[in-house]
Structures are given as structure tokens and as C-alpha cells.
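Peer 1: A single structure is presented below for examination.
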Amino acid sequence: QVQLVESGGGLVQAGGSLRLSCAASGRTFSTYAVGWFRQAPGKEREFVSAISRSGGTTGYADSVKGRFTISRDNAKNTVYLQMVSLKPEDTAVYYCAAVYRLPNDRDYYYSGASEYVYWGQGTQVTVSS
């Protein structure tokens with residue numbers, strides 16, 4: 001089991017940057033694939049980005065491709081989401097999620113929310129115009 005805590009959210013002007021962090025408990029974080037999702041008021045939760053256990057493969061929603069970068073530091077049990085050129089439509093609560101994968105499973109990322117078992121409480125990102 002793993003517990004996830006997001007941080008780094010806040011209020012930023014359009015065009016600004018933020019870096020979100022997802023810190024995980026436990027000593028086997030490298031066995032978990034991790035994803036970032038977001039939910040804006042009145043909208044469904046949507047996929048933002050994800051990263052494989054090793055960090056070797058990553059995926060992005062079309063809406064953030066070229067602006068957001070996901071990375072991980074397994075030694076620090078942390079996954080990051082660097083966000084630049086933020087837009088008002090990026091305003092949402094951002095959640096990180098994790099799913100355990102067996103060592104022999106393919107080292108890949110997952111973009112479906114239903115793939116994930118563990119979720120953090122979320123961090124608010126507000127982008128003003």
C-alpha cells in the first residue's frame with residue numbers, strides 16, 4: 001500500500017509556471033506507475049499525464065502536451081509535474097494516483113483513471129487571466 005500527498009499548487013497568472021509534487025510513502029515506490037489527473041468545477045476528472053515505474057515512458061493529454069512535463073525521482077519517492085505556459089483552462093484540482101505493477105509487467109504508463117488504485121487528496125491550481 002502507498003499513500004500519496006500532492007503539493008505545489010497555488011494561484012498563478014496566465015503564462016506562469018508551477019511544479020507539482022506527489023510524495024509517496026513506502027520503500028517500493030519504483031514498483032508503482034503514477035498518473036496525474038485533474039478535475040475542474042462541474043467537470044469530470046480527466047487525465048493529464050502519466051509515467052511508468054522506471055520513468056522511461058511518459059504520456060500526456062493533448063491539451064497539455066508541450067507545456068507539461070512529468071518526471072520522477074524514485075530515490076525520493078516523488079513524482080513531479082512541471083507546468084509552464086499555464087492557461088485559465090488549466091484551473092482545477094490536480095490529483096496524483098498510483099498503481100502497483102509486478103516486476104515482470106511491461107514498464108508502461110496508464111491514462112485511464114480506473115487503472116489506478118491509490119489516490120492523493122489533490123492540490124488546487126488556479127490560473128488567472
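How things are named: the first chain in the C-alpha cells is A, the next is B, and so on; residues count from 1 in each chain; ligands count from 1 in the order shown.
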Taking the chain letters and numbering used in this document, name the residues of chain A that DSSP puts in helix (DSSP H, G or I), as a short mmCIF file (atom, residue, chain, number, x, y, z; two decimals) with N, CA, C and O atoms, in the first residue's frame.
Peer 2:
data_model
loop_
_atom_site.label_atom_id
_atom_site.label_comp_id
_atom_site.auth_asym_id
_atom_site.auth_seq_id
_atom_site.Cartn_x
_atom_site.Cartn_y
_atom_site.Cartn_z
N PHE A 29 8.45 2.47 -4.07
CA PHE A 29 7.76 3.37 -4.98
C PHE A 29 8.09 3.07 -6.43
O PHE A 29 7.30 3.31 -7.32
N SER A 30 9.26 2.52 -6.67
CA SER A 30 9.66 2.22 -8.05
C SER A 30 8.84 1.11 -8.68
O SER A 30 8.98 0.84 -9.87
N THR A 31 8.01 0.45 -7.90
CA THR A 31 7.13 -0.59 -8.45
C THR A 31 5.76 -0.06 -8.82
O THR A 31 4.88 -0.82 -9.21
N ASN A 74 12.76 8.19 -8.03
CA ASN A 74 12.40 7.05 -7.18
C ASN A 74 13.20 7.02 -5.87
O ASN A 74 12.72 6.48 -4.88
N ALA A 75 14.36 7.59 -5.88
CA ALA A 75 15.14 7.65 -4.64
C ALA A 75 14.47 8.56 -3.61
O ALA A 75 14.65 8.37 -2.40
N LYS A 76 13.70 9.53 -4.11
CA LYS A 76 12.99 10.46 -3.21
C LYS A 76 11.51 10.13 -3.12
O LYS A 76 10.75 10.88 -2.50
N PRO A 88 -5.88 29.76 -18.19
CA PRO A 88 -7.01 29.70 -17.25
C PRO A 88 -7.74 28.36 -17.29
O PRO A 88 -8.23 27.90 -16.25
N GLU A 89 -7.78 27.72 -18.43
CA GLU A 89 -8.45 26.42 -18.53
C GLU A 89 -7.69 25.29 -17.84
O GLU A 89 -8.20 24.17 -17.74
N ASP A 90 -6.50 25.57 -17.35
CA ASP A 90 -5.77 24.58 -16.55
C ASP A 90 -6.22 24.60 -15.09
O ASP A 90 -5.78 23.76 -14.29
N ALA A 113 -8.27 6.48 -15.49
CA ALA A 113 -8.39 6.62 -14.05
C ALA A 113 -8.72 5.29 -13.37
O ALA A 113 -8.28 5.05 -12.23
N SER A 114 -9.45 4.44 -14.06
CA SER A 114 -9.84 3.16 -13.46
C SER A 114 -8.65 2.23 -13.28
O SER A 114 -8.75 1.23 -12.57
N GLU A 115 -7.53 2.54 -13.91
CA GLU A 115 -6.32 1.72 -13.75
C GLU A 115 -5.67 1.90 -12.39
O GLU A 115 -4.90 1.06 -11.94
#
Peer 1: Which residues in stretch 10-75 of chain A does DSSP call strand (DSSP E)? List them as a PDB file with all heavy atoms, in the first residue's frame.
Peer 2:
ATOM      1  N   GLY A  10      -1.294  26.350  -6.372  1.00  0.00           N
ATOM      2  CA  GLY A  10      -1.405  27.743  -5.962  1.00  0.00           C
ATOM      3  C   GLY A  10      -2.077  28.573  -7.028  1.00  0.00           C
ATOM      4  O   GLY A  10      -2.662  28.046  -7.977  1.00  0.00           O
ATOM      5  N   LEU A  11      -1.979  29.888  -6.822  1.00  0.00           N
ATOM      6  CA  LEU A  11      -2.562  30.855  -7.750  1.00  0.00           C
ATOM      7  C   LEU A  11      -1.444  31.438  -8.606  1.00  0.00           C
ATOM      8  O   LEU A  11      -0.421  31.893  -8.074  1.00  0.00           O
ATOM      9  CB  LEU A  11      -3.267  31.958  -6.967  1.00  0.00           C
ATOM     10  CG  LEU A  11      -3.802  33.146  -7.775  1.00  0.00           C
ATOM     11  CD1 LEU A  11      -4.883  32.697  -8.749  1.00  0.00           C
ATOM     12  CD2 LEU A  11      -4.322  34.224  -6.827  1.00  0.00           C
ATOM     13  N   VAL A  12      -1.638  31.430  -9.910  1.00  0.00           N
ATOM     14  CA  VAL A  12      -0.623  31.946 -10.822  1.00  0.00           C
ATOM     15  C   VAL A  12      -1.322  32.647 -11.980  1.00  0.00           C
ATOM     16  O   VAL A  12      -2.449  32.291 -12.326  1.00  0.00           O
ATOM     17  CB  VAL A  12       0.282  30.797 -11.329  1.00  0.00           C
ATOM     18  CG1 VAL A  12      -0.512  29.792 -12.156  1.00  0.00           C
ATOM     19  CG2 VAL A  12       1.480  31.316 -12.085  1.00  0.00           C
ATOM     20  N   GLN A  13      -0.649  33.627 -12.549  1.00  0.00           N
ATOM     21  CA  GLN A  13      -1.207  34.309 -13.713  1.00  0.00           C
ATOM     22  C   GLN A  13      -1.015  33.482 -14.977  1.00  0.00           C
ATOM     23  O   GLN A  13      -0.104  32.651 -15.057  1.00  0.00           O
ATOM     24  CB  GLN A  13      -0.539  35.670 -13.886  1.00  0.00           C
ATOM     25  CG  GLN A  13      -0.929  36.697 -12.838  1.00  0.00           C
ATOM     26  CD  GLN A  13      -0.389  38.078 -13.143  1.00  0.00           C
ATOM     27  OE1 GLN A  13       0.640  38.213 -13.803  1.00  0.00           O
ATOM     28  NE2 GLN A  13      -1.070  39.102 -12.662  1.00  0.00           N
ATOM     29  N   LEU A  18       4.175  26.423 -12.570  1.00  0.00           N
ATOM     30  CA  LEU A  18       4.107  25.774 -11.267  1.00  0.00           C
ATOM     31  C   LEU A  18       4.726  24.389 -11.397  1.00  0.00           C
ATOM     32  O   LEU A  18       4.694  23.789 -12.471  1.00  0.00           O
ATOM     33  CB  LEU A  18       2.656  25.621 -10.782  1.00  0.00           C
ATOM     34  CG  LEU A  18       1.924  26.845 -10.263  1.00  0.00           C
ATOM     35  CD1 LEU A  18       0.466  26.481 -10.003  1.00  0.00           C
ATOM     36  CD2 LEU A  18       2.567  27.382  -8.993  1.00  0.00           C
ATOM     37  N   ARG A  19       5.237  23.885 -10.293  1.00  0.00           N
ATOM     38  CA  ARG A  19       5.691  22.497 -10.264  1.00  0.00           C
ATOM     39  C   ARG A  19       4.960  21.776  -9.147  1.00  0.00           C
ATOM     40  O   ARG A  19       5.106  22.125  -7.973  1.00  0.00           O
ATOM     41  CB  ARG A  19       7.195  22.388 -10.046  1.00  0.00           C
ATOM     42  CG  ARG A  19       7.676  20.929 -10.210  1.00  0.00           C
ATOM     43  CD  ARG A  19       9.167  20.779 -10.097  1.00  0.00           C
ATOM     44  NE  ARG A  19       9.622  20.771  -8.707  1.00  0.00           N
ATOM     45  CZ  ARG A  19      10.772  20.244  -8.307  1.00  0.00           C
ATOM     46  NH1 ARG A  19      11.585  19.682  -9.192  1.00  0.00           N
ATOM     47  NH2 ARG A  19      11.124  20.298  -7.037  1.00  0.00           N
ATOM     48  N   LEU A  20       4.205  20.788  -9.517  1.00  0.00           N
ATOM     49  CA  LEU A  20       3.504  19.960  -8.552  1.00  0.00           C
ATOM     50  C   LEU A  20       4.382  18.782  -8.155  1.00  0.00           C
ATOM     51  O   LEU A  20       5.130  18.248  -8.976  1.00  0.00           O
ATOM     52  CB  LEU A  20       2.188  19.451  -9.126  1.00  0.00           C
ATOM     53  CG  LEU A  20       1.212  20.491  -9.654  1.00  0.00           C
ATOM     54  CD1 LEU A  20      -0.081  19.806 -10.096  1.00  0.00           C
ATOM     55  CD2 LEU A  20       0.933  21.569  -8.637  1.00  0.00           C
ATOM     56  N   SER A  21       4.247  18.377  -6.908  1.00  0.00           N
ATOM     57  CA  SER A  21       4.955  17.206  -6.410  1.00  0.00           C
ATOM     58  C   SER A  21       3.958  16.205  -5.862  1.00  0.00           C
ATOM     59  O   SER A  21       2.937  16.583  -5.288  1.00  0.00           O
ATOM     60  CB  SER A  21       5.942  17.590  -5.313  1.00  0.00           C
ATOM     61  OG  SER A  21       6.937  18.458  -5.795  1.00  0.00           O
ATOM     62  N   CYS A  22       4.268  14.956  -6.033  1.00  0.00           N
ATOM     63  CA  CYS A  22       3.470  13.868  -5.474  1.00  0.00           C
ATOM     64  C   CYS A  22       4.430  12.998  -4.684  1.00  0.00           C
ATOM     65  O   CYS A  22       5.241  12.254  -5.261  1.00  0.00           O
ATOM     66  CB  CYS A  22       2.803  13.079  -6.585  1.00  0.00           C
ATOM     67  SG  CYS A  22       1.933  11.585  -6.036  1.00  0.00           S
ATOM     68  N   ALA A  23       4.359  13.108  -3.367  1.00  0.00           N
ATOM     69  CA  ALA A  23       5.252  12.356  -2.488  1.00  0.00           C
ATOM     70  C   ALA A  23       4.560  11.093  -2.004  1.00  0.00           C
ATOM     71  O   ALA A  23       3.403  11.138  -1.573  1.00  0.00           O
ATOM     72  CB  ALA A  23       5.667  13.217  -1.304  1.00  0.00           C
ATOM     73  N   ALA A  24       5.261   9.988  -2.085  1.00  0.00           N
ATOM     74  CA  ALA A  24       4.686   8.703  -1.716  1.00  0.00           C
ATOM     75  C   ALA A  24       5.377   8.111  -0.501  1.00  0.00           C
ATOM     76  O   ALA A  24       6.587   8.281  -0.311  1.00  0.00           O
ATOM     77  CB  ALA A  24       4.799   7.736  -2.885  1.00  0.00           C
ATOM     78  N   TYR A  32       5.568   1.263  -8.703  1.00  0.00           N
ATOM     79  CA  TYR A  32       4.271   1.882  -8.985  1.00  0.00           C
ATOM     80  C   TYR A  32       4.345   2.780 -10.216  1.00  0.00           C
ATOM     81  O   TYR A  32       5.223   3.645 -10.311  1.00  0.00           O
ATOM     82  CB  TYR A  32       3.800   2.727  -7.801  1.00  0.00           C
ATOM     83  CG  TYR A  32       3.411   1.914  -6.585  1.00  0.00           C
ATOM     84  CD1 TYR A  32       4.380   1.463  -5.698  1.00  0.00           C
ATOM     85  CD2 TYR A  32       2.079   1.617  -6.330  1.00  0.00           C
ATOM     86  CE1 TYR A  32       4.025   0.714  -4.590  1.00  0.00           C
ATOM     87  CE2 TYR A  32       1.714   0.874  -5.207  1.00  0.00           C
ATOM     88  CZ  TYR A  32       2.694   0.428  -4.352  1.00  0.00           C
ATOM     89  OH  TYR A  32       2.341  -0.310  -3.255  1.00  0.00           O
ATOM     90  N   ALA A  33       3.399   2.589 -11.128  1.00  0.00           N
ATOM     91  CA  ALA A  33       3.181   3.570 -12.186  1.00  0.00           C
ATOM     92  C   ALA A  33       2.342   4.705 -11.589  1.00  0.00           C
ATOM     93  O   ALA A  33       1.497   4.466 -10.724  1.00  0.00           O
ATOM     94  CB  ALA A  33       2.469   2.938 -13.369  1.00  0.00           C
ATOM     95  N   VAL A  34       2.576   5.917 -12.045  1.00  0.00           N
ATOM     96  CA  VAL A  34       1.929   7.086 -11.453  1.00  0.00           C
ATOM     97  C   VAL A  34       1.303   7.956 -12.536  1.00  0.00           C
ATOM     98  O   VAL A  34       1.858   8.106 -13.631  1.00  0.00           O
ATOM     99  CB  VAL A  34       2.945   7.908 -10.642  1.00  0.00           C
ATOM    100  CG1 VAL A  34       2.303   9.180 -10.099  1.00  0.00           C
ATOM    101  CG2 VAL A  34       3.512   7.066  -9.503  1.00  0.00           C
ATOM    102  N   GLY A  35       0.165   8.517 -12.209  1.00  0.00           N
ATOM    103  CA  GLY A  35      -0.501   9.417 -13.134  1.00  0.00           C
ATOM    104  C   GLY A  35      -0.961  10.682 -12.432  1.00  0.00           C
ATOM    105  O   GLY A  35      -1.118  10.714 -11.218  1.00  0.00           O
ATOM    106  N   TRP A  36      -1.138  11.724 -13.229  1.00  0.00           N
ATOM    107  CA  TRP A  36      -1.754  12.970 -12.760  1.00  0.00           C
ATOM    108  C   TRP A  36      -3.088  13.147 -13.474  1.00  0.00           C
ATOM    109  O   TRP A  36      -3.175  12.970 -14.694  1.00  0.00           O
ATOM    110  CB  TRP A  36      -0.862  14.172 -13.073  1.00  0.00           C
ATOM    111  CG  TRP A  36       0.318  14.331 -12.177  1.00  0.00           C
ATOM    112  CD1 TRP A  36       1.604  13.922 -12.415  1.00  0.00           C
ATOM    113  CD2 TRP A  36       0.342  14.959 -10.898  1.00  0.00           C
ATOM    114  NE1 TRP A  36       2.412  14.249 -11.363  1.00  0.00           N
ATOM    115  CE2 TRP A  36       1.664  14.897 -10.422  1.00  0.00           C
ATOM    116  CE3 TRP A  36      -0.627  15.581 -10.099  1.00  0.00           C
ATOM    117  CZ2 TRP A  36       2.054  15.423  -9.190  1.00  0.00           C
ATOM    118  CZ3 TRP A  36      -0.244  16.105  -8.879  1.00  0.00           C
ATOM    119  CH2 TRP A  36       1.085  16.022  -8.423  1.00  0.00           C
ATOM    120  N   PHE A  37      -4.086  13.512 -12.700  1.00  0.00           N
ATOM    121  CA  PHE A  37      -5.408  13.797 -13.224  1.00  0.00           C
ATOM    122  C   PHE A  37      -5.849  15.144 -12.677  1.00  0.00           C
ATOM    123  O   PHE A  37      -5.281  15.641 -11.699  1.00  0.00           O
ATOM    124  CB  PHE A  37      -6.400  12.702 -12.816  1.00  0.00           C
ATOM    125  CG  PHE A  37      -6.107  11.371 -13.432  1.00  0.00           C
ATOM    126  CD1 PHE A  37      -5.107  10.557 -12.926  1.00  0.00           C
ATOM    127  CD2 PHE A  37      -6.814  10.931 -14.536  1.00  0.00           C
ATOM    128  CE1 PHE A  37      -4.808   9.328 -13.501  1.00  0.00           C
ATOM    129  CE2 PHE A  37      -6.532   9.703 -15.123  1.00  0.00           C
ATOM    130  CZ  PHE A  37      -5.529   8.907 -14.601  1.00  0.00           C
ATOM    131  N   ARG A  38      -6.863  15.730 -13.272  1.00  0.00           N
ATOM    132  CA  ARG A  38      -7.378  16.992 -12.758  1.00  0.00           C
ATOM    133  C   ARG A  38      -8.894  17.025 -12.910  1.00  0.00           C
ATOM    134  O   ARG A  38      -9.451  16.347 -13.775  1.00  0.00           O
ATOM    135  CB  ARG A  38      -6.741  18.181 -13.480  1.00  0.00           C
ATOM    136  CG  ARG A  38      -7.099  18.315 -14.952  1.00  0.00           C
ATOM    137  CD  ARG A  38      -6.284  19.430 -15.591  1.00  0.00           C
ATOM    138  NE  ARG A  38      -6.631  19.628 -16.997  1.00  0.00           N
ATOM    139  CZ  ARG A  38      -5.989  20.454 -17.806  1.00  0.00           C
ATOM    140  NH1 ARG A  38      -4.949  21.170 -17.355  1.00  0.00           N
ATOM    141  NH2 ARG A  38      -6.370  20.581 -19.063  1.00  0.00           N
ATOM    142  N   GLN A  39      -9.494  17.828 -12.040  1.00  0.00           N
ATOM    143  CA  GLN A  39     -10.940  17.980 -12.083  1.00  0.00           C
ATOM    144  C   GLN A  39     -11.291  19.436 -11.849  1.00  0.00           C
ATOM    145  O   GLN A  39     -10.982  19.995 -10.785  1.00  0.00           O
ATOM    146  CB  GLN A  39     -11.629  17.091 -11.047  1.00  0.00           C
ATOM    147  CG  GLN A  39     -13.139  17.076 -11.178  1.00  0.00           C
ATOM    148  CD  GLN A  39     -13.782  15.962 -10.380  1.00  0.00           C
ATOM    149  OE1 GLN A  39     -13.183  15.402  -9.460  1.00  0.00           O
ATOM    150  NE2 GLN A  39     -15.003  15.611 -10.726  1.00  0.00           N
ATOM    151  N   GLU A  46     -10.196  14.283 -15.443  1.00  0.00           N
ATOM    152  CA  GLU A  46      -9.578  13.974 -16.725  1.00  0.00           C
ATOM    153  C   GLU A  46      -8.090  13.680 -16.574  1.00  0.00           C
ATOM    154  O   GLU A  46      -7.422  14.195 -15.675  1.00  0.00           O
ATOM    155  CB  GLU A  46      -9.767  15.128 -17.724  1.00  0.00           C
ATOM    156  CG  GLU A  46      -9.073  16.413 -17.351  1.00  0.00           C
ATOM    157  CD  GLU A  46      -9.189  17.477 -18.431  1.00  0.00           C
ATOM    158  OE1 GLU A  46      -9.786  17.215 -19.489  1.00  0.00           O
ATOM    159  OE2 GLU A  46      -8.656  18.580 -18.220  1.00  0.00           O
ATOM    160  N   PHE A  47      -7.603  12.866 -17.470  1.00  0.00           N
ATOM    161  CA  PHE A  47      -6.193  12.511 -17.497  1.00  0.00           C
ATOM    162  C   PHE A  47      -5.350  13.707 -17.908  1.00  0.00           C
ATOM    163  O   PHE A  47      -5.724  14.459 -18.809  1.00  0.00           O
ATOM    164  CB  PHE A  47      -5.989  11.365 -18.489  1.00  0.00           C
ATOM    165  CG  PHE A  47      -4.556  11.066 -18.814  1.00  0.00           C
ATOM    166  CD1 PHE A  47      -3.735  10.465 -17.871  1.00  0.00           C
ATOM    167  CD2 PHE A  47      -4.025  11.395 -20.037  1.00  0.00           C
ATOM    168  CE1 PHE A  47      -2.416  10.180 -18.168  1.00  0.00           C
ATOM    169  CE2 PHE A  47      -2.706  11.116 -20.351  1.00  0.00           C
ATOM    170  CZ  PHE A  47      -1.902  10.508 -19.409  1.00  0.00           C
ATOM    171  N   VAL A  48      -4.205  13.868 -17.229  1.00  0.00           N
ATOM    172  CA  VAL A  48      -3.257  14.927 -17.566  1.00  0.00           C
ATOM    173  C   VAL A  48      -1.947  14.326 -18.076  1.00  0.00           C
ATOM    174  O   VAL A  48      -1.498  14.645 -19.178  1.00  0.00           O
ATOM    175  CB  VAL A  48      -2.980  15.818 -16.344  1.00  0.00           C
ATOM    176  CG1 VAL A  48      -1.903  16.859 -16.685  1.00  0.00           C
ATOM    177  CG2 VAL A  48      -4.263  16.492 -15.870  1.00  0.00           C
ATOM    178  N   SER A  49      -1.352  13.460 -17.279  1.00  0.00           N
ATOM    179  CA  SER A  49      -0.063  12.902 -17.646  1.00  0.00           C
ATOM    180  C   SER A  49       0.194  11.661 -16.806  1.00  0.00           C
ATOM    181  O   SER A  49      -0.421  11.485 -15.749  1.00  0.00           O
ATOM    182  CB  SER A  49       1.045  13.935 -17.414  1.00  0.00           C
ATOM    183  OG  SER A  49       2.305  13.429 -17.800  1.00  0.00           O
ATOM    184  N   ALA A  50       1.090  10.809 -17.267  1.00  0.00           N
ATOM    185  CA  ALA A  50       1.432   9.613 -16.512  1.00  0.00           C
ATOM    186  C   ALA A  50       2.852   9.183 -16.852  1.00  0.00           C
ATOM    187  O   ALA A  50       3.413   9.563 -17.888  1.00  0.00           O
ATOM    188  CB  ALA A  50       0.444   8.484 -16.812  1.00  0.00           C
ATOM    189  N   ILE A  51       3.406   8.366 -15.950  1.00  0.00           N
ATOM    190  CA  ILE A  51       4.784   7.940 -16.093  1.00  0.00           C
ATOM    191  C   ILE A  51       4.916   6.493 -15.639  1.00  0.00           C
ATOM    192  O   ILE A  51       4.240   6.053 -14.704  1.00  0.00           O
ATOM    193  CB  ILE A  51       5.714   8.884 -15.302  1.00  0.00           C
ATOM    194  CG1 ILE A  51       7.179   8.638 -15.622  1.00  0.00           C
ATOM    195  CG2 ILE A  51       5.444   8.776 -13.787  1.00  0.00           C
ATOM    196  CD1 ILE A  51       8.093   9.757 -15.126  1.00  0.00           C
ATOM    197  N   THR A  58       6.434   8.018 -20.822  1.00  0.00           N
ATOM    198  CA  THR A  58       5.524   9.028 -20.312  1.00  0.00           C
ATOM    199  C   THR A  58       4.422   9.282 -21.332  1.00  0.00           C
ATOM    200  O   THR A  58       4.588   9.021 -22.537  1.00  0.00           O
ATOM    201  CB  THR A  58       6.248  10.350 -20.032  1.00  0.00           C
ATOM    202  OG1 THR A  58       6.874  10.816 -21.234  1.00  0.00           O
ATOM    203  CG2 THR A  58       7.309  10.182 -18.953  1.00  0.00           C
ATOM    204  N   GLY A  59       3.314   9.807 -20.841  1.00  0.00           N
ATOM    205  CA  GLY A  59       2.203  10.143 -21.714  1.00  0.00           C
ATOM    206  C   GLY A  59       1.542  11.432 -21.260  1.00  0.00           C
ATOM    207  O   GLY A  59       1.606  11.793 -20.078  1.00  0.00           O
ATOM    208  N   TYR A  60       0.916  12.124 -22.213  1.00  0.00           N
ATOM    209  CA  TYR A  60       0.290  13.407 -21.926  1.00  0.00           C
ATOM    210  C   TYR A  60      -1.038  13.532 -22.660  1.00  0.00           C
ATOM    211  O   TYR A  60      -1.206  13.017 -23.766  1.00  0.00           O
ATOM    212  CB  TYR A  60       1.198  14.561 -22.380  1.00  0.00           C
ATOM    213  CG  TYR A  60       2.534  14.595 -21.700  1.00  0.00           C
ATOM    214  CD1 TYR A  60       3.625  13.920 -22.229  1.00  0.00           C
ATOM    215  CD2 TYR A  60       2.695  15.293 -20.507  1.00  0.00           C
ATOM    216  CE1 TYR A  60       4.859  13.941 -21.593  1.00  0.00           C
ATOM    217  CE2 TYR A  60       3.927  15.322 -19.865  1.00  0.00           C
ATOM    218  CZ  TYR A  60       4.993  14.639 -20.414  1.00  0.00           C
ATOM    219  OH  TYR A  60       6.203  14.665 -19.763  1.00  0.00           O
ATOM    220  N   PHE A  68       3.455  20.715 -20.263  1.00  0.00           N
ATOM    221  CA  PHE A  68       3.661  19.999 -19.002  1.00  0.00           C
ATOM    222  C   PHE A  68       4.711  18.913 -19.199  1.00  0.00           C
ATOM    223  O   PHE A  68       4.791  18.292 -20.266  1.00  0.00           O
ATOM    224  CB  PHE A  68       2.362  19.352 -18.535  1.00  0.00           C
ATOM    225  CG  PHE A  68       1.290  20.307 -18.076  1.00  0.00           C
ATOM    226  CD1 PHE A  68       1.384  21.674 -18.292  1.00  0.00           C
ATOM    227  CD2 PHE A  68       0.162  19.818 -17.422  1.00  0.00           C
ATOM    228  CE1 PHE A  68       0.394  22.538 -17.873  1.00  0.00           C
ATOM    229  CE2 PHE A  68      -0.844  20.669 -16.986  1.00  0.00           C
ATOM    230  CZ  PHE A  68      -0.728  22.033 -17.227  1.00  0.00           C
ATOM    231  N   THR A  69       5.491  18.685 -18.145  1.00  0.00           N
ATOM    232  CA  THR A  69       6.490  17.621 -18.172  1.00  0.00           C
ATOM    233  C   THR A  69       6.412  16.826 -16.874  1.00  0.00           C
ATOM    234  O   THR A  69       6.497  17.397 -15.794  1.00  0.00           O
ATOM    235  CB  THR A  69       7.903  18.192 -18.323  1.00  0.00           C
ATOM    236  OG1 THR A  69       7.985  18.988 -19.510  1.00  0.00           O
ATOM    237  CG2 THR A  69       8.929  17.061 -18.412  1.00  0.00           C
ATOM    238  N   ILE A  70       6.251  15.526 -17.016  1.00  0.00           N
ATOM    239  CA  ILE A  70       6.213  14.651 -15.840  1.00  0.00           C
ATOM    240  C   ILE A  70       7.574  13.998 -15.678  1.00  0.00           C
ATOM    241  O   ILE A  70       8.259  13.673 -16.654  1.00  0.00           O
ATOM    242  CB  ILE A  70       5.097  13.595 -15.993  1.00  0.00           C
ATOM    243  CG1 ILE A  70       4.870  12.869 -14.665  1.00  0.00           C
ATOM    244  CG2 ILE A  70       5.399  12.616 -17.112  1.00  0.00           C
ATOM    245  CD1 ILE A  70       3.618  11.985 -14.663  1.00  0.00           C
ATOM    246  N   SER A  71       7.964  13.812 -14.425  1.00  0.00           N
ATOM    247  CA  SER A  71       9.227  13.139 -14.136  1.00  0.00           C
ATOM    248  C   SER A  71       9.113  12.492 -12.769  1.00  0.00           C
ATOM    249  O   SER A  71       8.167  12.750 -12.029  1.00  0.00           O
ATOM    250  CB  SER A  71      10.395  14.128 -14.172  1.00  0.00           C
ATOM    251  OG  SER A  71      10.232  15.124 -13.175  1.00  0.00           O
ATOM    252  N   ARG A  72      10.071  11.649 -12.451  1.00  0.00           N
ATOM    253  CA  ARG A  72      10.041  11.021 -11.133  1.00  0.00           C
ATOM    254  C   ARG A  72      11.456  10.816 -10.630  1.00  0.00           C
ATOM    255  O   ARG A  72      12.407  10.643 -11.410  1.00  0.00           O
ATOM    256  CB  ARG A  72       9.278   9.696 -11.182  1.00  0.00           C
ATOM    257  CG  ARG A  72       9.925   8.584 -11.963  1.00  0.00           C
ATOM    258  CD  ARG A  72       8.967   7.390 -12.085  1.00  0.00           C
ATOM    259  NE  ARG A  72       8.635   6.819 -10.786  1.00  0.00           N
ATOM    260  CZ  ARG A  72       7.573   6.024 -10.569  1.00  0.00           C
ATOM    261  NH1 ARG A  72       6.744   5.725 -11.568  1.00  0.00           N
ATOM    262  NH2 ARG A  72       7.339   5.533  -9.361  1.00  0.00           N
ATOM    263  N   ASP A  73      11.558  10.809  -9.306  1.00  0.00           N
ATOM    264  CA  ASP A  73      12.813  10.520  -8.616  1.00  0.00           C
ATOM    265  C   ASP A  73      12.488   9.409  -7.640  1.00  0.00           C
ATOM    266  O   ASP A  73      11.975   9.661  -6.540  1.00  0.00           O
ATOM    267  CB  ASP A  73      13.333  11.775  -7.903  1.00  0.00           C
ATOM    268  CG  ASP A  73      14.682  11.558  -7.271  1.00  0.00           C
ATOM    269  OD1 ASP A  73      15.058  10.391  -7.049  1.00  0.00           O
ATOM    270  OD2 ASP A  73      15.371  12.545  -6.980  1.00  0.00           O
TER     271      ASP A  73
END
Peer 1: Rounded to one decimal in Å, what is the spacing between atom CA of A:Glu44 and atom CA of A:Glu6?
Peer 2: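 The value is 19.4 Å.
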